>>> print(open('input_11.cif').read())   # mmCIF, C-alpha atoms and all ligand atoms; chains and numbers go by the auth columns
data_target
loop_
_atom_site.group_PDB
_atom_site.id
_atom_site.type_symbol
_atom_site.label_atom_id
_atom_site.label_comp_id
_atom_site.label_asym_id
_atom_site.label_seq_id
_atom_site.Cartn_x
_atom_site.Cartn_y
_atom_site.Cartn_z
_atom_site.B_iso_or_equiv
_atom_site.auth_seq_id
_atom_site.auth_asym_id
ATOM 1 C CA MET A 1 0.000 0.000 0.000 0.00 1 W
ATOM 2 C CA LYS A 2 1.406 3.356 -1.053 0.00 2 W
ATOM 3 C CA LYS A 3 0.464 6.527 0.773 0.00 3 W
ATOM 4 C CA ILE A 4 0.059 9.758 -1.139 0.00 4 W
ATOM 5 C CA LEU A 5 -0.551 13.069 0.605 0.00 5 W
ATOM 6 C CA VAL A 6 -2.451 15.735 -1.337 0.00 6 W
ATOM 7 C CA VAL A 7 -1.918 19.235 0.074 0.00 7 W
ATOM 8 C CA ASP A 8 -4.188 21.966 -1.256 0.00 8 W
ATOM 9 C CA ASP A 9 -6.273 24.669 0.421 0.00 9 W
ATOM 10 C CA ASN A 10 -8.973 24.322 -2.243 0.00 10 W
ATOM 11 C CA ASP A 11 -11.493 21.552 -1.540 0.00 11 W
ATOM 12 C CA ALA A 12 -12.304 20.982 -5.209 0.00 12 W
ATOM 13 C CA SER A 13 -8.607 20.667 -6.125 0.00 13 W
ATOM 14 C CA ARG A 14 -8.037 18.070 -3.398 0.00 14 W
ATOM 15 C CA GLU A 15 -11.115 16.138 -4.477 0.00 15 W
ATOM 16 C CA LEU A 16 -10.003 16.170 -8.098 0.00 16 W
ATOM 17 C CA LEU A 17 -6.507 14.925 -7.274 0.00 17 W
ATOM 18 C CA ARG A 18 -7.933 12.269 -4.993 0.00 18 W
ATOM 19 C CA ALA A 19 -10.173 11.025 -7.818 0.00 19 W
ATOM 20 C CA VAL A 20 -7.356 11.113 -10.361 0.00 20 W
ATOM 21 C CA LEU A 21 -4.932 9.225 -8.114 0.00 21 W
ATOM 22 C CA ARG A 22 -7.383 6.701 -6.687 0.00 22 W
ATOM 23 C CA ASP A 23 -6.116 3.147 -6.950 0.00 23 W
ATOM 24 C CA SER A 24 -6.721 -0.064 -5.026 0.00 24 W
ATOM 25 C CA ASP A 25 -3.160 -0.192 -3.676 0.00 25 W
ATOM 26 C CA ARG A 26 -3.018 3.465 -2.640 0.00 26 W
ATOM 27 C CA GLU A 27 -4.142 5.385 0.381 0.00 27 W
ATOM 28 C CA ILE A 28 -4.783 9.058 -0.350 0.00 28 W
ATOM 29 C CA LEU A 29 -4.331 11.459 2.570 0.00 29 W
ATOM 30 C CA GLU A 30 -5.256 15.130 2.540 0.00 30 W
ATOM 31 C CA ALA A 31 -4.095 18.336 4.171 0.00 31 W
ATOM 32 C CA CYS A 32 -5.287 21.882 3.507 0.00 32 W
ATOM 33 C CA ARG A 33 -2.539 23.892 5.231 0.00 33 W
ATOM 34 C CA GLY A 34 1.231 23.767 5.307 0.00 34 W
ATOM 35 C CA ASP A 35 1.604 23.170 9.036 0.00 35 W
ATOM 36 C CA GLN A 36 -1.009 20.431 8.849 0.00 36 W
ATOM 37 C CA ALA A 37 0.911 18.877 5.935 0.00 37 W
ATOM 38 C CA LEU A 38 4.134 18.744 7.980 0.00 38 W
ATOM 39 C CA GLU A 39 2.292 17.117 10.872 0.00 39 W
ATOM 40 C CA THR A 40 0.683 14.531 8.609 0.00 40 W
ATOM 41 C CA ILE A 41 3.992 13.748 6.894 0.00 41 W
ATOM 42 C CA ALA A 42 5.731 13.198 10.232 0.00 42 W
ATOM 43 C CA GLY A 43 2.911 11.002 11.490 0.00 43 W
ATOM 44 C CA GLU A 44 1.938 9.067 8.384 0.00 44 W
ATOM 45 C CA ARG A 45 5.204 8.912 6.421 0.00 45 W
ATOM 46 C CA PRO A 46 3.664 9.113 2.948 0.00 46 W
ATOM 47 C CA ASP A 47 5.573 7.789 -0.082 0.00 47 W
ATOM 48 C CA LEU A 48 4.801 10.884 -2.134 0.00 48 W
ATOM 49 C CA VAL A 49 3.458 14.397 -1.539 0.00 49 W
ATOM 50 C CA LEU A 50 1.580 16.552 -4.046 0.00 50 W
ATOM 51 C CA LEU A 51 2.053 20.065 -2.723 0.00 51 W
ATOM 52 C CA ASP A 52 0.106 23.126 -3.825 0.00 52 W
ATOM 53 C CA ILE A 53 2.413 26.147 -3.994 0.00 53 W
ATOM 54 C CA GLU A 54 -0.298 28.724 -3.289 0.00 54 W
ATOM 55 C CA LEU A 55 -1.194 27.965 0.323 0.00 55 W
ATOM 56 C CA PRO A 56 -2.085 30.625 2.904 0.00 56 W
ATOM 57 C CA VAL A 57 0.376 31.455 5.725 0.00 57 W
ATOM 58 C CA MET A 58 2.940 28.757 4.919 0.00 58 W
ATOM 59 C CA ASP A 59 3.233 28.317 1.149 0.00 59 W
ATOM 60 C CA GLY A 60 4.491 25.287 -0.732 0.00 60 W
ATOM 61 C CA PHE A 61 8.083 26.547 -0.886 0.00 61 W
ATOM 62 C CA ALA A 62 8.137 27.021 2.898 0.00 62 W
ATOM 63 C CA VAL A 63 6.766 23.518 3.437 0.00 63 W
ATOM 64 C CA LEU A 64 9.342 22.075 1.056 0.00 64 W
ATOM 65 C CA ARG A 65 12.149 23.961 2.822 0.00 65 W
ATOM 66 C CA ALA A 66 11.072 22.564 6.191 0.00 66 W
ATOM 67 C CA LEU A 67 11.033 19.060 4.731 0.00 67 W
ATOM 68 C CA ARG A 68 14.416 19.295 3.036 0.00 68 W
ATOM 69 C CA GLU A 69 16.007 20.587 6.243 0.00 69 W
ATOM 70 C CA ASP A 70 14.796 17.470 8.052 0.00 70 W
ATOM 71 C CA PRO A 71 17.047 14.451 7.459 0.00 71 W
ATOM 72 C CA ARG A 72 14.017 12.146 7.613 0.00 72 W
ATOM 73 C CA PHE A 73 12.482 13.836 4.591 0.00 73 W
ATOM 74 C CA GLY A 74 15.457 14.909 2.520 0.00 74 W
ATOM 75 C CA ALA A 75 14.631 12.284 -0.120 0.00 75 W
ATOM 76 C CA LEU A 76 10.831 12.313 0.150 0.00 76 W
ATOM 77 C CA PRO A 77 9.355 12.864 -3.338 0.00 77 W
ATOM 78 C CA VAL A 78 7.473 16.169 -3.335 0.00 78 W
ATOM 79 C CA VAL A 79 5.657 17.303 -6.478 0.00 79 W
ATOM 80 C CA ALA A 80 4.832 20.993 -6.850 0.00 80 W
ATOM 81 C CA VAL A 81 1.331 21.800 -8.087 0.00 81 W
ATOM 82 C CA THR A 82 0.697 25.372 -9.143 0.00 82 W
ATOM 83 C CA ALA A 83 -1.835 27.496 -10.983 0.00 83 W
ATOM 84 C CA HIS A 84 0.617 30.343 -11.482 0.00 84 W
ATOM 85 C CA ALA A 85 3.121 28.880 -13.867 0.00 85 W
ATOM 86 C CA MET A 86 5.358 31.440 -15.482 0.00 86 W
ATOM 87 C CA GLN A 87 8.431 31.288 -17.650 0.00 87 W
ATOM 88 C CA GLY A 88 11.178 29.684 -15.578 0.00 88 W
ATOM 89 C CA SER A 89 8.997 28.698 -12.633 0.00 89 W
ATOM 90 C CA GLU A 90 9.480 24.972 -13.195 0.00 90 W
ATOM 91 C CA GLU A 91 13.242 25.447 -13.092 0.00 91 W
ATOM 92 C CA ILE A 92 12.957 27.500 -9.894 0.00 92 W
ATOM 93 C CA ALA A 93 10.813 24.796 -8.276 0.00 93 W
ATOM 94 C CA LEU A 94 13.163 21.982 -9.269 0.00 94 W
ATOM 95 C CA ARG A 95 16.177 23.958 -8.060 0.00 95 W
ATOM 96 C CA ALA A 96 14.412 24.516 -4.720 0.00 96 W
ATOM 97 C CA GLY A 97 14.203 20.752 -4.310 0.00 97 W
ATOM 98 C CA PHE A 98 10.843 19.729 -5.730 0.00 98 W
ATOM 99 C CA THR A 99 10.913 16.311 -7.394 0.00 99 W
ATOM 100 C CA ALA A 100 8.592 17.328 -10.220 0.00 100 W
ATOM 101 C CA TYR A 101 6.319 20.146 -11.266 0.00 101 W
ATOM 102 C CA ILE A 102 2.671 20.001 -12.343 0.00 102 W
ATOM 103 C CA THR A 103 0.566 22.939 -13.500 0.00 103 W
ATOM 104 C CA LYS A 104 -3.130 23.551 -12.929 0.00 104 W
ATOM 105 C CA PRO A 105 -5.502 22.906 -14.526 0.00 105 W
ATOM 106 C CA ILE A 106 -4.071 19.422 -14.139 0.00 106 W
ATOM 107 C CA ARG A 107 -4.146 16.887 -16.974 0.00 107 W
ATOM 108 C CA PRO A 108 -5.276 13.668 -15.286 0.00 108 W
ATOM 109 C CA ALA A 109 -3.347 11.266 -17.553 0.00 109 W
ATOM 110 C CA ASP A 110 -0.170 13.286 -17.114 0.00 110 W
ATOM 111 C CA VAL A 111 -0.550 13.390 -13.318 0.00 111 W
ATOM 112 C CA ARG A 112 -1.197 9.632 -13.174 0.00 112 W
ATOM 113 C CA ARG A 113 1.829 8.856 -15.327 0.00 113 W
ATOM 114 C CA ARG A 114 4.211 11.074 -13.376 0.00 114 W
ATOM 115 C CA VAL A 115 3.019 9.835 -10.000 0.00 115 W
ATOM 116 C CA ALA A 116 3.366 6.211 -11.141 0.00 116 W
ATOM 117 C CA GLU A 117 6.895 6.903 -12.390 0.00 117 W
ATOM 118 C CA ILE A 118 7.940 8.403 -9.068 0.00 118 W
ATOM 119 C CA LEU A 119 6.386 5.610 -6.988 0.00 119 W
ATOM 120 C CA ASP A 120 7.958 2.963 -9.274 0.00 120 W
ATOM 121 C CA SER A 121 11.415 4.484 -9.083 0.00 121 W
ATOM 122 C CA LYS A 122 11.142 4.584 -5.290 0.00 122 W
ATOM 123 C CA THR A 123 10.597 0.844 -4.968 0.00 123 W
ATOM 124 C CA LYS A 124 13.656 -0.035 -7.097 0.00 124 W
HETATM 125 MG MG MG B . -3.951 26.950 -3.214 0.00 201 W
#
>>> encode(input="input_11.cif", output="structure tokens")
Amino acid sequence: MKKILVVDDNDASRELLRAVLRDSDREILEACRGDQALETIAGERPDLVLLDIELPVMDGFAVLRALREDPRFGALPVVAVTAHAMQGSEEIALRAGFTAYITKPIRPADVRRRVAEILDSKTK
């Protein structure tokens, strides 16, 4: 059973990602704030995190920074999800330590493929 944490402050976005990622051998967890995401990650140890960049108070970059500073989560796959993609923003996200970068509106097939690739490479 793989655990995936979906972090997004928008209910509809979390629901959509949950539906897109649903699979019999996966447990989908949700968080709607950055601090809540960090708590859930420490407690549940997900295999992969999909992290909205535009979160109130503690944004996706701040959450990622906190994770990368923690030796337990230095290698945890964290995928950035953002509605405000601009020229160069993927490169900035990858340089900051995100594993991959997905733009909203999400393309379900693309999200499924990339998530499967990351989970597969983790088990090898
Ligand atoms: Mg948001």
>>> residues_around(input="input_11.cif", residues="stretch 47-53 of chain W", least_positions_apart="2", cutoff="6 Å", atoms="only C-alpha atoms", output="list of chain:residue names")
W:Lys3, W:Ile4, W:Leu5, W:Val6, W:Val7, W:Asp8, W:Leu55, W:Asp59, W:Gly60, W:Pro77, W:Val78, W:Val79, W:Ala80, W:Val81, W:Thr82
>>> write_last_selection(input="input_11.cif", atoms="C-alpha atoms", output="PDB file, keeping the file's coordinate frame")
ATOM      1  CA  LYS W   3       0.464   6.527   0.773  1.00  0.00           C
ATOM      2  CA  ILE W   4       0.059   9.758  -1.139  1.00  0.00           C
ATOM      3  CA  LEU W   5      -0.551  13.069   0.605  1.00  0.00           C
ATOM      4  CA  VAL W   6      -2.451  15.735  -1.337  1.00  0.00           C
ATOM      5  CA  VAL W   7      -1.918  19.235   0.074  1.00  0.00           C
ATOM      6  CA  ASP W   8      -4.188  21.966  -1.256  1.00  0.00           C
ATOM      7  CA  LEU W  55      -1.194  27.965   0.323  1.00  0.00           C
ATOM      8  CA  ASP W  59       3.233  28.317   1.149  1.00  0.00           C
ATOM      9  CA  GLY W  60       4.491  25.287  -0.732  1.00  0.00           C
ATOM     10  CA  PRO W  77       9.355  12.864  -3.338  1.00  0.00           C
ATOM     11  CA  VAL W  78       7.473  16.169  -3.335  1.00  0.00           C
ATOM     12  CA  VAL W  79       5.657  17.303  -6.478  1.00  0.00           C
ATOM     13  CA  ALA W  80       4.832  20.993  -6.850  1.00  0.00           C
ATOM     14  CA  VAL W  81       1.331  21.800  -8.087  1.00  0.00           C
ATOM     15  CA  THR W  82       0.697  25.372  -9.143  1.00  0.00           C
TER      16      THR W  82
END
>>> residues_around(input="input_11.cif", residues="W:Gly74", least_positions_apart="5", cutoff="10 Å", atoms="all atoms listed in the file", output="PyMOL selection string")
chain W and resi 64-69+97
>>> residues_around(input="input_11.cif", residues="stretch 91-95 of chain W", least_positions_apart="5", cutoff="9 Å", atoms="only C-alpha atoms", output="list of chain:residue names")
W:Phe61, W:Ala80, W:Ala100, W:Tyr101
>>> atom_distance(input="input_11.cif", atom1="atom CA of W:Arg26", atom2="atom CA of W:Pro56")
27.7 Å
>>> closest_residue(input="input_11.cif", among="W:Arg33, W:Asp9, W:Val63, W:Met1", to="ligand MG 201 (chain W)", atoms="all atoms listed in the file")
W:Asp9
>>> closest_residue(input="input_11.cif", among="W:Val111, W:Ala37, W:Cys32, W:Ala75", to="ligand MG 201 (chain W)", atoms="only C-alpha atoms and all ligand atoms")
W:Cys32
>>> closest_residue(input="input_11.cif", among="W:Glu27, W:Glu44, W:Glu54, W:Glu90", to="ligand MG 201 (chain W)", atoms="only C-alpha atoms and all ligand atoms")
W:Glu54
>>> closest_residue(input="input_11.cif", among="W:Asp70, W:Glu117, W:Asp11, W:Asp110", to="W:Ala31", atoms="all atoms listed in the file")
W:Asp11
>>> closest_residue(input="input_11.cif", among="W:Asp25, W:Met58, W:Leu38, W:Arg72", to="W:Leu119", atoms="all atoms listed in the file")
W:Asp25
>>> closest_residue(input="input_11.cif", among="W:Thr40, W:Ser121, W:Thr103, W:Gln87", to="ligand MG 201 (chain W)", atoms="only C-alpha atoms and all ligand atoms")
W:Thr103
>>> residues_around(input="input_11.cif", residues="W:Arg22", least_positions_apart="6", cutoff="10 Å", atoms="all atoms listed in the file", output="list in words")
Ile4, Leu16, Ile28 and Arg112 of chain W
>>> atom_distance(input="input_11.cif", atom1="atom CA of W:Pro108", atom2="atom CA of W:Val20")
5.9 Å
>>> atom_distance(input="input_11.cif", atom1="atom CA of W:Leu76", atom2="atom CA of W:Val115")
13.0 Å
